[in-house]
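Visitor: Sharing input25.pdb, PDB, C-alpha atoms:
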```pdb
MODEL        1
ATOM      1  CA  MET S 817       0.000   0.000   0.000
ATOM      2  CA  ALA S 818       1.707   3.216  -1.149
ATOM      3  CA  ARG S 819       1.826   6.051   1.346
ATOM      4  CA  PRO S 820       2.093   9.754   0.429
ATOM      5  CA  ALA S 821       5.026  11.655   1.941
ATOM      6  CA  ALA S 822       2.735  13.560   4.328
ATOM      7  CA  VAL S 823       1.290  10.322   5.652
ATOM      8  CA  VAL S 824       4.759   8.847   6.146
ATOM      9  CA  ALA S 825       5.795  11.951   8.121
ATOM     10  CA  ALA S 826       2.687  11.605  10.304
ATOM     11  CA  MET S 827       3.390   7.904  10.746
ATOM     12  CA  ASN S 828       6.885   8.626  12.035
ATOM     13  CA  GLN S 829       5.494  11.060  14.589
ATOM     14  CA  VAL S 830       2.865   8.662  15.885
ATOM     15  CA  SER S 831       4.811   5.404  15.727
ATOM     16  CA  GLY S 832       7.905   6.072  17.803
ATOM     17  CA  PRO S 833       9.175   5.087  20.218
ATOM     18  CA  GLY S 834       6.222   2.909  21.281
ATOM     19  CA  VAL S 835       8.036  -0.235  22.426
ATOM     20  CA  LEU S 836       5.938  -2.502  24.656
ATOM     21  CA  GLY S 837       7.772  -2.827  27.940
ATOM     22  CA  ARG S 838      10.473  -5.478  27.946
ATOM     23  CA  THR S 839       8.896  -7.426  25.069
ATOM     24  CA  GLY S 840      10.736  -5.574  22.321
ATOM     25  CA  LEU S 841       7.488  -5.410  20.328
ATOM     26  CA  THR S 842       7.303  -2.138  18.409
ATOM     27  CA  VAL S 843       3.689  -1.086  18.822
ATOM     28  CA  GLY S 844       3.853   2.626  18.023
ATOM     29  CA  ARG S 845       2.345   5.289  20.228
ATOM     30  CA  LEU S 846      -1.220   4.906  18.954
ATOM     31  CA  GLY S 847      -3.021   1.646  18.183
ATOM     32  CA  LEU S 848      -6.489   0.878  16.858
ATOM     33  CA  GLY S 849      -9.095  -0.415  19.285
ATOM     34  CA  CYS S 850     -11.280  -2.755  17.264
ATOM     35  CA  ALA S 851     -14.354  -3.058  19.498
ATOM     36  CA  PRO S 852     -16.344  -0.701  17.196
ATOM     37  CA  LEU S 853     -15.668  -3.053  14.279
ATOM     38  CA  GLY S 854     -17.823  -5.563  16.157
ATOM     39  CA  ASN S 855     -20.817  -3.186  15.971
ATOM     40  CA  LEU S 856     -20.350  -1.712  19.454
ATOM     41  CA  TYR S 857     -23.229   0.727  20.168
ATOM     42  CA  GLU S 858     -24.226   0.832  16.491
ATOM     43  CA  ALA S 859     -23.891  -1.282  13.360
ATOM     44  CA  VAL S 860     -20.850  -0.771  11.153
ATOM     45  CA  ALA S 861     -21.083  -1.812   7.503
ATOM     46  CA  GLU S 862     -18.547  -4.343   6.250
ATOM     47  CA  GLN S 863     -16.941  -1.856   3.864
ATOM     48  CA  ASP S 864     -16.692   0.797   6.589
ATOM     49  CA  ALA S 865     -14.999  -1.648   8.947
ATOM     50  CA  ALA S 866     -12.481  -2.577   6.257
ATOM     51  CA  GLY S 867     -11.910   1.092   5.436
ATOM     52  CA  THR S 868     -11.237   1.813   9.110
ATOM     53  CA  VAL S 869      -8.490  -0.808   9.305
ATOM     54  CA  ARG S 870      -6.989   0.320   5.991
ATOM     55  CA  ALA S 871      -6.937   3.959   7.113
ATOM     56  CA  ALA S 872      -5.131   2.938  10.290
ATOM     57  CA  LEU S 873      -2.566   0.990   8.276
ATOM     58  CA  ALA S 874      -2.073   3.927   5.922
ATOM     59  CA  GLY S 875      -1.509   6.220   8.904
ATOM     60  CA  GLY S 876       1.253   4.020  10.281
ATOM     61  CA  THR S 877      -0.694   2.143  12.958
ATOM     62  CA  ARG S 878       1.001  -1.095  14.008
ATOM     63  CA  LEU S 879      -1.057  -2.284  16.992
ATOM     64  CA  PHE S 880      -4.552  -3.696  16.460
ATOM     65  CA  ASP S 881      -6.480  -4.738  19.572
ATOM     66  CA  THR S 882      -9.479  -7.048  19.321
ATOM     67  CA  ALA S 883     -11.320  -9.762  21.306
ATOM     68  CA  PRO S 884     -13.870 -12.546  20.787
ATOM     69  CA  ARG S 885     -16.466 -10.592  22.764
ATOM     70  CA  TYR S 886     -16.309  -7.672  20.345
ATOM     71  CA  GLY S 887     -19.372  -8.446  18.278
ATOM     72  CA  HIS S 888     -19.390 -12.182  18.988
ATOM     73  CA  GLY S 889     -16.281 -12.742  16.865
ATOM     74  CA  VAL S 890     -17.163 -10.198  14.179
ATOM     75  CA  SER S 891     -14.338  -7.823  15.100
ATOM     76  CA  GLU S 892     -11.713 -10.564  14.849
ATOM     77  CA  GLN S 893     -13.085 -11.776  11.516
ATOM     78  CA  ARG S 894     -13.178  -8.298  10.001
ATOM     79  CA  LEU S 895      -9.707  -7.435  11.228
ATOM     80  CA  GLY S 896      -8.291 -10.712   9.937
ATOM     81  CA  GLN S 897      -9.772 -10.229   6.489
ATOM     82  CA  VAL S 898      -7.946  -6.932   5.984
ATOM     83  CA  LEU S 899      -4.688  -7.990   7.617
ATOM     84  CA  ALA S 900      -4.526 -11.036   5.344
ATOM     85  CA  GLY S 901      -2.998  -8.762   2.705
ATOM     86  CA  VAL S 902      -0.422  -7.188   5.036
ATOM     87  CA  PRO S 903       3.065  -8.563   5.767
ATOM     88  CA  ARG S 904       2.903 -10.124   9.227
ATOM     89  CA  SER S 905       5.991  -8.266  10.413
ATOM     90  CA  GLU S 906       4.273  -4.901   9.861
ATOM     91  CA  VAL S 907       1.519  -5.361  12.451
ATOM     92  CA  VAL S 908       1.127  -6.328  16.092
ATOM     93  CA  VAL S 909      -2.122  -8.180  16.766
ATOM     94  CA  ALA S 910      -3.597  -8.406  20.258
ATOM     95  CA  THR S 911      -6.621 -10.463  21.226
ATOM     96  CA  LYS S 912      -8.081 -11.805  24.459
ATOM     97  CA  VAL S 913      -9.104 -15.003  26.217
ATOM     98  CA  GLY S 914     -11.553 -15.846  28.970
ATOM     99  CA  TYR S 915     -14.883 -16.027  27.145
ATOM    100  CA  LEU S 916     -15.942 -18.852  24.836
ATOM    101  CA  LEU S 917     -18.511 -17.936  22.212
ATOM    102  CA  THR S 918     -21.750 -19.898  22.186
ATOM    103  CA  ASP S 919     -25.003 -19.628  20.245
ATOM    104  CA  ASP S 920     -26.435 -17.685  23.184
ATOM    105  CA  GLY S 921     -23.539 -15.305  23.743
ATOM    106  CA  ALA S 922     -20.220 -15.683  25.550
ATOM    107  CA  GLU S 923     -19.538 -17.939  28.516
ATOM    108  CA  PRO S 924     -16.741 -17.071  30.957
ATOM    109  CA  ASP S 925     -14.094 -19.801  31.019
ATOM    110  CA  PHE S 926     -10.727 -18.991  32.558
ATOM    111  CA  SER S 927      -9.585 -22.596  32.837
ATOM    112  CA  TYR S 928      -6.411 -23.895  31.220
ATOM    113  CA  ASP S 929      -8.282 -25.949  28.615
ATOM    114  CA  GLY S 930     -10.856 -23.233  28.012
ATOM    115  CA  THR S 931      -8.088 -20.729  27.365
ATOM    116  CA  MET S 932      -6.424 -23.037  24.850
ATOM    117  CA  ARG S 933      -9.717 -23.474  23.031
ATOM    118  CA  CYS S 934     -10.523 -19.770  23.160
ATOM    119  CA  LEU S 935      -7.239 -18.760  21.568
ATOM    120  CA  GLU S 936      -7.493 -21.488  18.942
ATOM    121  CA  GLU S 937     -10.900 -20.172  17.908
ATOM    122  CA  SER S 938      -9.555 -16.613  17.794
ATOM    123  CA  LEU S 939      -6.682 -17.658  15.555
ATOM    124  CA  THR S 940      -9.187 -19.246  13.181
ATOM    125  CA  ARG S 941     -11.293 -16.092  13.014
ATOM    126  CA  LEU S 942      -8.205 -13.929  12.550
ATOM    127  CA  GLY S 943      -6.694 -16.257   9.948
ATOM    128  CA  LEU S 944      -3.390 -16.352  11.853
ATOM    129  CA  ASP S 945      -1.159 -19.050  13.308
ATOM    130  CA  ARG S 946      -0.014 -16.832  16.196
ATOM    131  CA  VAL S 947      -0.803 -13.558  17.914
ATOM    132  CA  ASP S 948       1.637 -11.053  19.301
ATOM    133  CA  ILE S 949      -0.299 -10.308  22.487
ATOM    134  CA  ALA S 950      -2.904 -12.370  24.333
ATOM    135  CA  HIS S 951      -4.681 -10.710  27.261
ATOM    136  CA  VAL S 952      -6.819 -12.412  29.878
ATOM    137  CA  HIS S 953     -10.041 -10.452  29.421
ATOM    138  CA  ASP S 954     -11.864  -8.971  32.443
ATOM    139  CA  PRO S 955     -11.334 -11.729  35.017
ATOM    140  CA  ASP S 956     -13.043  -9.528  37.646
ATOM    141  CA  HIS S 957     -15.128 -12.309  39.205
ATOM    142  CA  HIS S 958     -12.770 -15.138  38.271
ATOM    143  CA  GLU S 959      -9.428 -14.066  39.699
ATOM    144  CA  GLN S 960      -8.355 -17.381  41.204
ATOM    145  CA  GLU S 961      -9.477 -19.415  38.205
ATOM    146  CA  ALA S 962      -7.574 -17.079  35.890
ATOM    147  CA  LEU S 963      -4.425 -17.291  38.001
ATOM    148  CA  ALA S 964      -4.573 -21.093  38.091
ATOM    149  CA  GLY S 965      -5.695 -21.639  34.502
ATOM    150  CA  ALA S 966      -5.726 -18.851  31.931
ATOM    151  CA  PHE S 967      -2.397 -17.257  32.768
ATOM    152  CA  ARG S 968      -0.674 -20.640  33.050
ATOM    153  CA  ALA S 969      -2.018 -21.561  29.600
ATOM    154  CA  LEU S 970      -0.824 -18.302  28.048
ATOM    155  CA  VAL S 971       2.636 -18.658  29.551
ATOM    156  CA  ASP S 972       2.838 -22.153  28.026
ATOM    157  CA  LEU S 973       1.701 -20.755  24.674
ATOM    158  CA  ARG S 974       4.362 -18.064  24.942
ATOM    159  CA  GLU S 975       7.003 -20.763  25.416
ATOM    160  CA  GLN S 976       5.623 -22.517  22.310
ATOM    161  CA  GLY S 977       5.805 -19.328  20.219
ATOM    162  CA  VAL S 978       2.040 -19.138  19.637
ATOM    163  CA  VAL S 979       1.915 -15.955  21.744
ATOM    164  CA  SER S 980       4.706 -13.388  21.985
ATOM    165  CA  ALA S 981       3.437 -11.472  25.029
ATOM    166  CA  VAL S 982       1.090 -12.379  27.878
ATOM    167  CA  GLY S 983      -1.128  -9.720  29.381
ATOM    168  CA  ALA S 984      -4.379  -8.870  31.106
ATOM    169  CA  GLY S 985      -7.008  -6.367  30.038
ATOM    170  CA  MET S 986      -9.371  -4.792  32.557
ATOM    171  CA  ASN S 987     -11.363  -1.703  33.504
ATOM    172  CA  GLN S 988      -9.885  -1.662  37.008
ATOM    173  CA  SER S 989      -6.365  -1.182  38.291
ATOM    174  CA  ALA S 990      -6.418  -2.985  41.659
ATOM    175  CA  MET S 991      -6.633  -6.524  40.282
ATOM    176  CA  LEU S 992      -4.208  -5.698  37.505
ATOM    177  CA  GLU S 993      -1.717  -4.616  40.154
ATOM    178  CA  ARG S 994      -2.135  -7.963  41.928
ATOM    179  CA  ILE S 995      -1.677  -9.804  38.639
ATOM    180  CA  VAL S 996       1.493  -7.881  37.823
ATOM    181  CA  THR S 997       3.005  -8.786  41.178
ATOM    182  CA  ARG S 998       1.999 -12.484  41.003
ATOM    183  CA  VAL S 999       2.213 -13.499  37.334
ATOM    184  CA  ASP S1000       4.971 -13.303  34.739
ATOM    185  CA  VAL S1001       3.014 -10.977  32.457
ATOM    186  CA  ASP S1002       4.625  -8.838  29.786
ATOM    187  CA  CYS S1003       1.956  -6.143  29.552
ATOM    188  CA  VAL S1004      -1.429  -4.955  30.729
ATOM    189  CA  LEU S1005      -4.277  -3.180  28.981
ATOM    190  CA  LEU S1006      -5.886  -0.672  31.326
ATOM    191  CA  ALA S1007      -9.155   0.914  30.188
ATOM    192  CA  GLY S1008     -10.433   4.172  31.632
ATOM    193  CA  ARG S1009      -8.428   4.238  34.860
ATOM    194  CA  TYR S1010      -5.675   6.580  33.739
ATOM    195  CA  THR S1011      -7.256   9.522  31.996
ATOM    196  CA  LEU S1012      -7.724  13.266  32.436
ATOM    197  CA  LEU S1013     -10.703  12.442  34.670
ATOM    198  CA  ASP S1014      -9.405   9.394  36.553
ATOM    199  CA  GLN S1015      -5.851   8.720  37.716
ATOM    200  CA  ASP S1016      -6.686   5.666  39.834
ATOM    201  CA  ALA S1017      -3.663   3.759  38.518
ATOM    202  CA  LEU S1018      -1.132   6.473  39.366
ATOM    203  CA  THR S1019      -0.047   5.260  42.800
ATOM    204  CA  GLY S1020      -0.383   1.476  42.483
ATOM    205  CA  LEU S1021      -0.475  -0.188  39.114
ATOM    206  CA  LEU S1022       1.739   2.133  37.088
ATOM    207  CA  PRO S1023       4.671   2.136  39.544
ATOM    208  CA  ALA S1024       4.410  -1.665  39.798
ATOM    209  CA  CYS S1025       4.559  -1.985  36.026
ATOM    210  CA  GLU S1026       7.435   0.458  35.724
ATOM    211  CA  ALA S1027       9.453  -1.410  38.360
ATOM    212  CA  ARG S1028       8.985  -4.734  36.551
ATOM    213  CA  GLY S1029       9.320  -3.573  32.967
ATOM    214  CA  VAL S1030       5.695  -4.479  32.244
ATOM    215  CA  GLY S1031       4.359  -2.503  29.294
ATOM    216  CA  VAL S1032       1.131  -0.558  29.795
ATOM    217  CA  VAL S1033      -1.399  -0.121  27.015
ATOM    218  CA  LEU S1034      -4.022   2.493  27.818
ATOM    219  CA  GLY S1035      -7.562   2.213  26.495
ATOM    220  CA  GLY S1036     -10.669   4.252  27.198
ATOM    221  CA  VAL S1037      -8.807   7.565  27.097
ATOM    222  CA  TYR S1038     -12.089   9.375  26.399
ATOM    223  CA  ASN S1039     -13.880   7.543  29.250
ATOM    224  CA  SER S1040     -16.588   6.257  26.862
ATOM    225  CA  GLY S1041     -17.147   9.669  25.282
ATOM    226  CA  LEU S1042     -17.299  12.284  28.016
ATOM    227  CA  LEU S1043     -13.785  13.501  27.212
ATOM    228  CA  ALA S1044     -14.600  13.597  23.511
ATOM    229  CA  ASP S1045     -17.850  15.563  23.798
ATOM    230  CA  PRO S1046     -18.509  16.832  27.344
ATOM    231  CA  ARG S1047     -22.204  17.522  27.866
ATOM    232  CA  PRO S1048     -25.106  16.324  29.989
ATOM    233  CA  GLY S1049     -26.112  12.856  28.829
ATOM    234  CA  ALA S1050     -22.629  11.941  27.618
ATOM    235  CA  LYS S1051     -21.342   8.502  28.539
ATOM    236  CA  TYR S1052     -18.741   7.924  31.245
ATOM    237  CA  ASP S1053     -17.538   4.336  31.551
ATOM    238  CA  TYR S1054     -20.465   2.985  29.497
ATOM    239  CA  ARG S1055     -23.204   4.778  31.443
ATOM    240  CA  ALA S1056     -24.612   8.301  31.686
ATOM    241  CA  ALA S1057     -22.097  10.624  33.321
ATOM    242  CA  GLU S1058     -22.825  12.087  36.748
ATOM    243  CA  PRO S1059     -23.234  15.889  36.950
ATOM    244  CA  HIS S1060     -19.898  16.340  38.762
ATOM    245  CA  GLN S1061     -18.123  14.331  36.048
ATOM    246  CA  VAL S1062     -19.684  16.479  33.335
ATOM    247  CA  ALA S1063     -18.663  19.625  35.232
ATOM    248  CA  ALA S1064     -15.055  18.432  35.515
ATOM    249  CA  ALA S1065     -14.888  17.568  31.817
ATOM    250  CA  LEU S1066     -16.337  20.961  30.867
ATOM    251  CA  ALA S1067     -13.791  22.722  33.087
ATOM    252  CA  ILE S1068     -10.949  20.831  31.398
ATOM    253  CA  ALA S1069     -12.417  21.648  27.978
ATOM    254  CA  GLU S1070     -12.550  25.352  28.864
ATOM    255  CA  ILE S1071      -8.852  25.405  29.753
ATOM    256  CA  CYS S1072      -8.004  23.513  26.559
ATOM    257  CA  ALA S1073      -9.963  26.059  24.550
ATOM    258  CA  ARG S1074      -8.008  28.940  26.088
ATOM    259  CA  HIS S1075      -4.838  27.308  24.779
ATOM    260  CA  GLY S1076      -6.337  26.593  21.358
ATOM    261  CA  VAL S1077      -6.143  22.824  21.888
ATOM    262  CA  PRO S1078      -9.013  20.404  21.222
ATOM    263  CA  LEU S1079     -10.056  18.515  24.357
ATOM    264  CA  LYS S1080      -9.644  15.275  22.413
ATOM    265  CA  ALA S1081      -5.966  16.035  21.783
ATOM    266  CA  ALA S1082      -5.242  16.623  25.470
ATOM    267  CA  ALA S1083      -7.245  13.561  26.516
ATOM    268  CA  LEU S1084      -5.477  11.360  23.999
ATOM    269  CA  GLN S1085      -1.964  12.571  24.762
ATOM    270  CA  PHE S1086      -2.225  12.758  28.566
ATOM    271  CA  GLY S1087      -1.235   9.116  29.137
ATOM    272  CA  TRP S1088       1.989   9.468  27.185
ATOM    273  CA  GLY S1089       3.401  11.473  30.055
ATOM    274  CA  HIS S1090       3.838   8.466  32.320
ATOM    275  CA  PRO S1091       7.036   6.456  31.761
ATOM    276  CA  ALA S1092       5.241   3.130  32.295
ATOM    277  CA  VAL S1093       2.851   3.770  29.393
ATOM    278  CA  SER S1094       3.996   2.217  26.128
ATOM    279  CA  THR S1095       1.065   3.048  23.883
ATOM    280  CA  LEU S1096      -2.646   3.841  23.608
ATOM    281  CA  VAL S1097      -5.442   2.079  21.757
ATOM    282  CA  VAL S1098      -8.301   4.260  20.560
ATOM    283  CA  GLY S1099     -11.414   2.889  18.890
ATOM    284  CA  ALA S1100     -12.791   4.045  15.554
ATOM    285  CA  ARG S1101     -15.658   2.933  13.351
ATOM    286  CA  THR S1102     -14.816   4.876  10.169
ATOM    287  CA  ALA S1103     -11.742   5.949   8.251
ATOM    288  CA  ASP S1104     -12.534   9.583   9.094
ATOM    289  CA  GLU S1105     -12.462   8.782  12.815
ATOM    290  CA  VAL S1106      -9.063   7.129  12.367
ATOM    291  CA  ARG S1107      -7.732  10.213  10.623
ATOM    292  CA  GLU S1108      -9.147  12.456  13.361
ATOM    293  CA  ASN S1109      -7.435  10.364  16.052
ATOM    294  CA  LEU S1110      -4.146  10.609  14.170
ATOM    295  CA  ALA S1111      -4.574  14.380  13.945
ATOM    296  CA  MET S1112      -5.295  14.620  17.679
ATOM    297  CA  ALA S1113      -2.155  12.582  18.377
ATOM    298  CA  GLN S1114      -0.088  15.060  16.358
ATOM    299  CA  THR S1115      -1.577  18.266  17.814
ATOM    300  CA  THR S1116       0.842  20.305  19.906
ATOM    301  CA  VAL S1117      -0.245  20.498  23.549
ATOM    302  CA  PRO S1118       1.758  23.214  25.363
ATOM    303  CA  ALA S1119       3.230  22.642  28.820
ATOM    304  CA  ASP S1120       1.266  25.666  30.060
ATOM    305  CA  LEU S1121      -1.988  23.783  29.490
ATOM    306  CA  TRP S1122      -0.950  20.941  31.807
ATOM    307  CA  ALA S1123       0.284  23.500  34.343
ATOM    308  CA  GLU S1124      -3.060  25.307  34.322
ATOM    309  CA  LEU S1125      -4.936  22.029  34.826
ATOM    310  CA  ARG S1126      -2.783  21.377  37.889
ATOM    311  CA  ALA S1127      -3.261  24.906  39.204
ATOM    312  CA  ALA S1128      -7.020  24.548  38.836
ATOM    313  CA  GLY S1129      -7.003  21.309  40.815
ATOM    314  CA  LEU S1130      -8.120  19.316  37.801
ATOM    315  CA  LEU S1131      -4.941  17.206  37.809
ATOM    316  CA  PRO S1132      -2.856  16.088  40.802
ATOM    317  CA  GLN S1133       0.336  18.072  41.280
ATOM    318  CA  GLU S1134       2.470  14.931  41.081
ATOM    319  CA  VAL S1135       0.990  13.526  37.869
ATOM    320  CA  PRO S1136       3.545  13.315  35.019
ATOM    321  CA  THR S1137       2.513  14.943  31.755
ATOM    322  CA  PRO S1138       3.972  14.846  28.236
TER     323      PRO S1138
ENDMDL
END
```
Please go through the file and, once you have read it, give me the structure as structure tokens.
Guide:
Amino acid sequence: MARPAAVVAAMNQVSGPGVLGRTGLTVGRLGLGCAPLGNLYEAVAEQDAAGTVRAALAGGTRLFDTAPRYGHGVSEQRLGQVLAGVPRSEVVVATKVGYLLTDDGAEPDFSYDGTMRCLEESLTRLGLDRVDIAHVHDPDHHEQEALAGAFRALVDLREQGVVSAVGAGMNQSAMLERIVTRVDVDCVLLAGRYTLLDQDALTGLLPACEARGVGVVLGGVYNSGLLADPRPGAKYDYRAAEPHQVAAALAIAEICARHGVPLKAAALQFGWGHPAVSTLVVGARTADEVRENLAMAQTTVPADLWAELRAAGLLPQEVPTP
């Protein structure tokens, strides 16, 4: 796929350094979250899904994050169809285990055998013989089973070369911190708990990851939409935002506006300030959304903006910023 000079220049800005912890995997600074390709919140036409992946590739994206639960396998299938025409060395594919698809939905299964079956089915949908990253997906109510089964299976698969990196993906930081201290994981995917509105991971998980060389992938940087379009009725962590959350987002947006910076740009780039963070994954359902995310990643955010957020009490004084 030929890339114009301007696109190549943008790719170089977004893609480096972006190395995932101690794994050596070059993931770039901005990956594509593929949950929307599985018709999250609204249907996405087949051609739009393919165009989204192609736009990400054209913009230099290397990391593509999917899961069986994203559209009951649809996201994996759609991603695999496009990546079939891309040299394997040019992309890093992440998927997840812990839920086996059935005719009625997805059944949690964090056992050793269930994990083996789950990944095998994912590889079939993706059309691959290996994945770069396999995360244990939301083991919130299955911690002990995941520790005894799923993680042990993924470590074995890593030794066999079927998986390059073992991780865990969750919407909470406390259990991820326990996992990092108890399991030989290479990375974690943390959604929504290290953003402009929520720095829950600052004092526990992120220092633990940094100390162990565990790469951190941040998801949910817009907290389900509130940091993309702050208004009453906007979503925060998949539900309607509380009035105080809307007020905080609007206050951040006002400061961004004074500095001539889109709120989306500040929200997207905030996580890059922490040394434990390797990369971000941001979802998109159209090629235009991909291009907008790339533009937000390349927007200059002045140091004075972060300083004003601290002065206003909207960010902790000790939080690192880009």
Visitor: Which residue out of S:Ala1128, S:Val1033, S:Ala910, S:Val952 has the minimum interatomic distance to Ala1067 of chain S when all atoms listed in the file are used?
Guide: S:Ala1128
Visitor: Determine the nearest neighbour of Ser1040 of chain S from the options S:Phe926, S:Pro852, S:Val1001, S:Ala981, counting only C-alpha atoms.
Guide: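 Smallest distance to Ser1040 of chain S is found for S:Pro852.
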Visitor: Name the residues that the PyMOL selection byres ((chain S and resi 1041-1044) around 12) picks from the file above, as a ChimeraX atom specification, using the file's chain letters and numbers.
Guide: /S:857,1008,1011-1014,1036-1040,1045-1069,1072,1078-1084,1086,1098-1099,1105,1108-1109,1112
Visitor: With the file shown as input, list the residues that the PyMOL selection byres ((chain S and resi 985-991) around 6) selects, as an mmCIF file with C-alpha atoms, in the frame of the given file.
Guide:
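Generated output (expr-v4.cif):
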```cif
data_model
loop_
_atom_site.group_PDB
_atom_site.id
_atom_site.type_symbol
_atom_site.label_atom_id
_atom_site.label_comp_id
_atom_site.auth_asym_id
_atom_site.auth_seq_id
_atom_site.Cartn_x
_atom_site.Cartn_y
_atom_site.Cartn_z
ATOM 1 C CA HIS S 951 -4.681 -10.710 27.261
ATOM 2 C CA HIS S 953 -10.041 -10.452 29.421
ATOM 3 C CA ASP S 954 -11.864 -8.971 32.443
ATOM 4 C CA ALA S 984 -4.379 -8.870 31.106
ATOM 5 C CA LEU S 992 -4.208 -5.698 37.505
ATOM 6 C CA GLU S 993 -1.717 -4.616 40.154
ATOM 7 C CA ARG S 994 -2.135 -7.963 41.928
ATOM 8 C CA VAL S 1004 -1.429 -4.955 30.729
ATOM 9 C CA LEU S 1005 -4.277 -3.180 28.981
ATOM 10 C CA LEU S 1006 -5.886 -0.672 31.326
ATOM 11 C CA ALA S 1007 -9.155 0.914 30.188
ATOM 12 C CA ALA S 1017 -3.663 3.759 38.518
#
```
Visitor: Which distance in Å separates atom CA of Gln863 of chain S and atom CA of Thr882 of chain S, to one decimal?
Guide: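 Result for atom CA of Gln863 of chain S versus atom CA of Thr882 of chain S: 17.9 Å, one decimal.
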Visitor: Let me have the centre and edge lengths of the axis-aligned box enclosing all listed atoms of segment 929-941 of chain S with 4 Å padding on every side, in Å to one decimal, as AutoDock Vina command-line options.
Guide:
```
--center_x -8.9 --center_y -21.0 --center_z 20.8 --size_x 12.9 --size_y 17.9 --size_z 23.6
```
Visitor: So which residues touch Gly849 of chain S within 9 Å, counting only C-alpha atoms, skipping near sequence neighbours fewer than 5 positions away, as a ChimeraX atom specification?
Guide: /S:879-882,1035,1096-1100
Visitor: Excluding Gly867 of chain S and any residue of its chain fewer than 4 positions from it, enumerate the residues within 10 Å of it, using all atoms listed in the file, and give them as a PyMOL selection string.
Guide: chain S and resi 861-863+871-873+898+1101-1104+1106
Visitor: Generate the output file for the selected residues, C-alpha atoms, as a JSON list (two decimals), in the coordinates of the input.
Guide:
```
[["chain", "number", "residue", "atom", "x", "y", "z"],
["S", 861, "ALA", "CA", -21.08, -1.81, 7.50],
["S", 862, "GLU", "CA", -18.55, -4.34, 6.25],
["S", 863, "GLN", "CA", -16.94, -1.86, 3.86],
["S", 871, "ALA", "CA", -6.94, 3.96, 7.11],
["S", 872, "ALA", "CA", -5.13, 2.94, 10.29],
["S", 873, "LEU", "CA", -2.57, 0.99, 8.28],
["S", 898, "VAL", "CA", -7.95, -6.93, 5.98],
["S", 1101, "ARG", "CA", -15.66, 2.93, 13.35],
["S", 1102, "THR", "CA", -14.82, 4.88, 10.17],
["S", 1103, "ALA", "CA", -11.74, 5.95, 8.25],
["S", 1104, "ASP", "CA", -12.53, 9.58, 9.09],
["S", 1106, "VAL", "CA", -9.06, 7.13, 12.37]]
```
Visitor: Show me, as a PyMOL selection string, the residues that have an atom within 9 Å of Asp945 of chain S when counting all atoms listed in the file, minus same-chain residues fewer than 4 positions from it.
Guide: chain S and resi 936+939-940+978
Visitor: Any idea what the distance is between atom CA of Pro1132 of chain S and atom CA of Gly1076 of chain S?
Guide: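 Spanning atom CA of Pro1132 of chain S to atom CA of Gly1076 of chain S is a straight-line distance of 22.4 Å.
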Visitor: Expand the PyMOL selection byres ((chain S and resi 999) around 12) into the individual residues it matches in the shown file, reporting them as a PDB file with C-alpha atoms, in the frame of the given file.
Guide:
```pdb
ATOM      1  CA  VAL S 952      -6.819 -12.412  29.878  1.00  0.00           C
ATOM      2  CA  GLU S 959      -9.428 -14.066  39.699  1.00  0.00           C
ATOM      3  CA  GLN S 960      -8.355 -17.381  41.204  1.00  0.00           C
ATOM      4  CA  ALA S 962      -7.574 -17.079  35.890  1.00  0.00           C
ATOM      5  CA  LEU S 963      -4.425 -17.291  38.001  1.00  0.00           C
ATOM      6  CA  ALA S 964      -4.573 -21.093  38.091  1.00  0.00           C
ATOM      7  CA  GLY S 965      -5.695 -21.639  34.502  1.00  0.00           C
ATOM      8  CA  ALA S 966      -5.726 -18.851  31.931  1.00  0.00           C
ATOM      9  CA  PHE S 967      -2.397 -17.257  32.768  1.00  0.00           C
ATOM     10  CA  ARG S 968      -0.674 -20.640  33.050  1.00  0.00           C
ATOM     11  CA  ALA S 969      -2.018 -21.561  29.600  1.00  0.00           C
ATOM     12  CA  LEU S 970      -0.824 -18.302  28.048  1.00  0.00           C
ATOM     13  CA  VAL S 971       2.636 -18.658  29.551  1.00  0.00           C
ATOM     14  CA  VAL S 982       1.090 -12.379  27.878  1.00  0.00           C
ATOM     15  CA  GLY S 983      -1.128  -9.720  29.381  1.00  0.00           C
ATOM     16  CA  ALA S 984      -4.379  -8.870  31.106  1.00  0.00           C
ATOM     17  CA  MET S 991      -6.633  -6.524  40.282  1.00  0.00           C
ATOM     18  CA  LEU S 992      -4.208  -5.698  37.505  1.00  0.00           C
ATOM     19  CA  GLU S 993      -1.717  -4.616  40.154  1.00  0.00           C
ATOM     20  CA  ARG S 994      -2.135  -7.963  41.928  1.00  0.00           C
ATOM     21  CA  ILE S 995      -1.677  -9.804  38.639  1.00  0.00           C
ATOM     22  CA  VAL S 996       1.493  -7.881  37.823  1.00  0.00           C
ATOM     23  CA  THR S 997       3.005  -8.786  41.178  1.00  0.00           C
ATOM     24  CA  ARG S 998       1.999 -12.484  41.003  1.00  0.00           C
ATOM     25  CA  ASP S1000       4.971 -13.303  34.739  1.00  0.00           C
ATOM     26  CA  VAL S1001       3.014 -10.977  32.457  1.00  0.00           C
ATOM     27  CA  ASP S1002       4.625  -8.838  29.786  1.00  0.00           C
ATOM     28  CA  CYS S1003       1.956  -6.143  29.552  1.00  0.00           C
ATOM     29  CA  VAL S1004      -1.429  -4.955  30.729  1.00  0.00           C
ATOM     30  CA  CYS S1025       4.559  -1.985  36.026  1.00  0.00           C
ATOM     31  CA  ARG S1028       8.985  -4.734  36.551  1.00  0.00           C
ATOM     32  CA  VAL S1030       5.695  -4.479  32.244  1.00  0.00           C
TER      33      VAL S1030
END
```
Visitor: Extract, using all atoms listed in the file, all DNA, RNA and protein residues at most 10 Å from Leu895 of chain S, discarding same-chain residues fewer than 5 positions from it, and format them as a VMD selection string.
Guide: chain S and resid 850 853 to 854 865 to 866 868 to 870 880 to 882 890 900 909 941 to 943
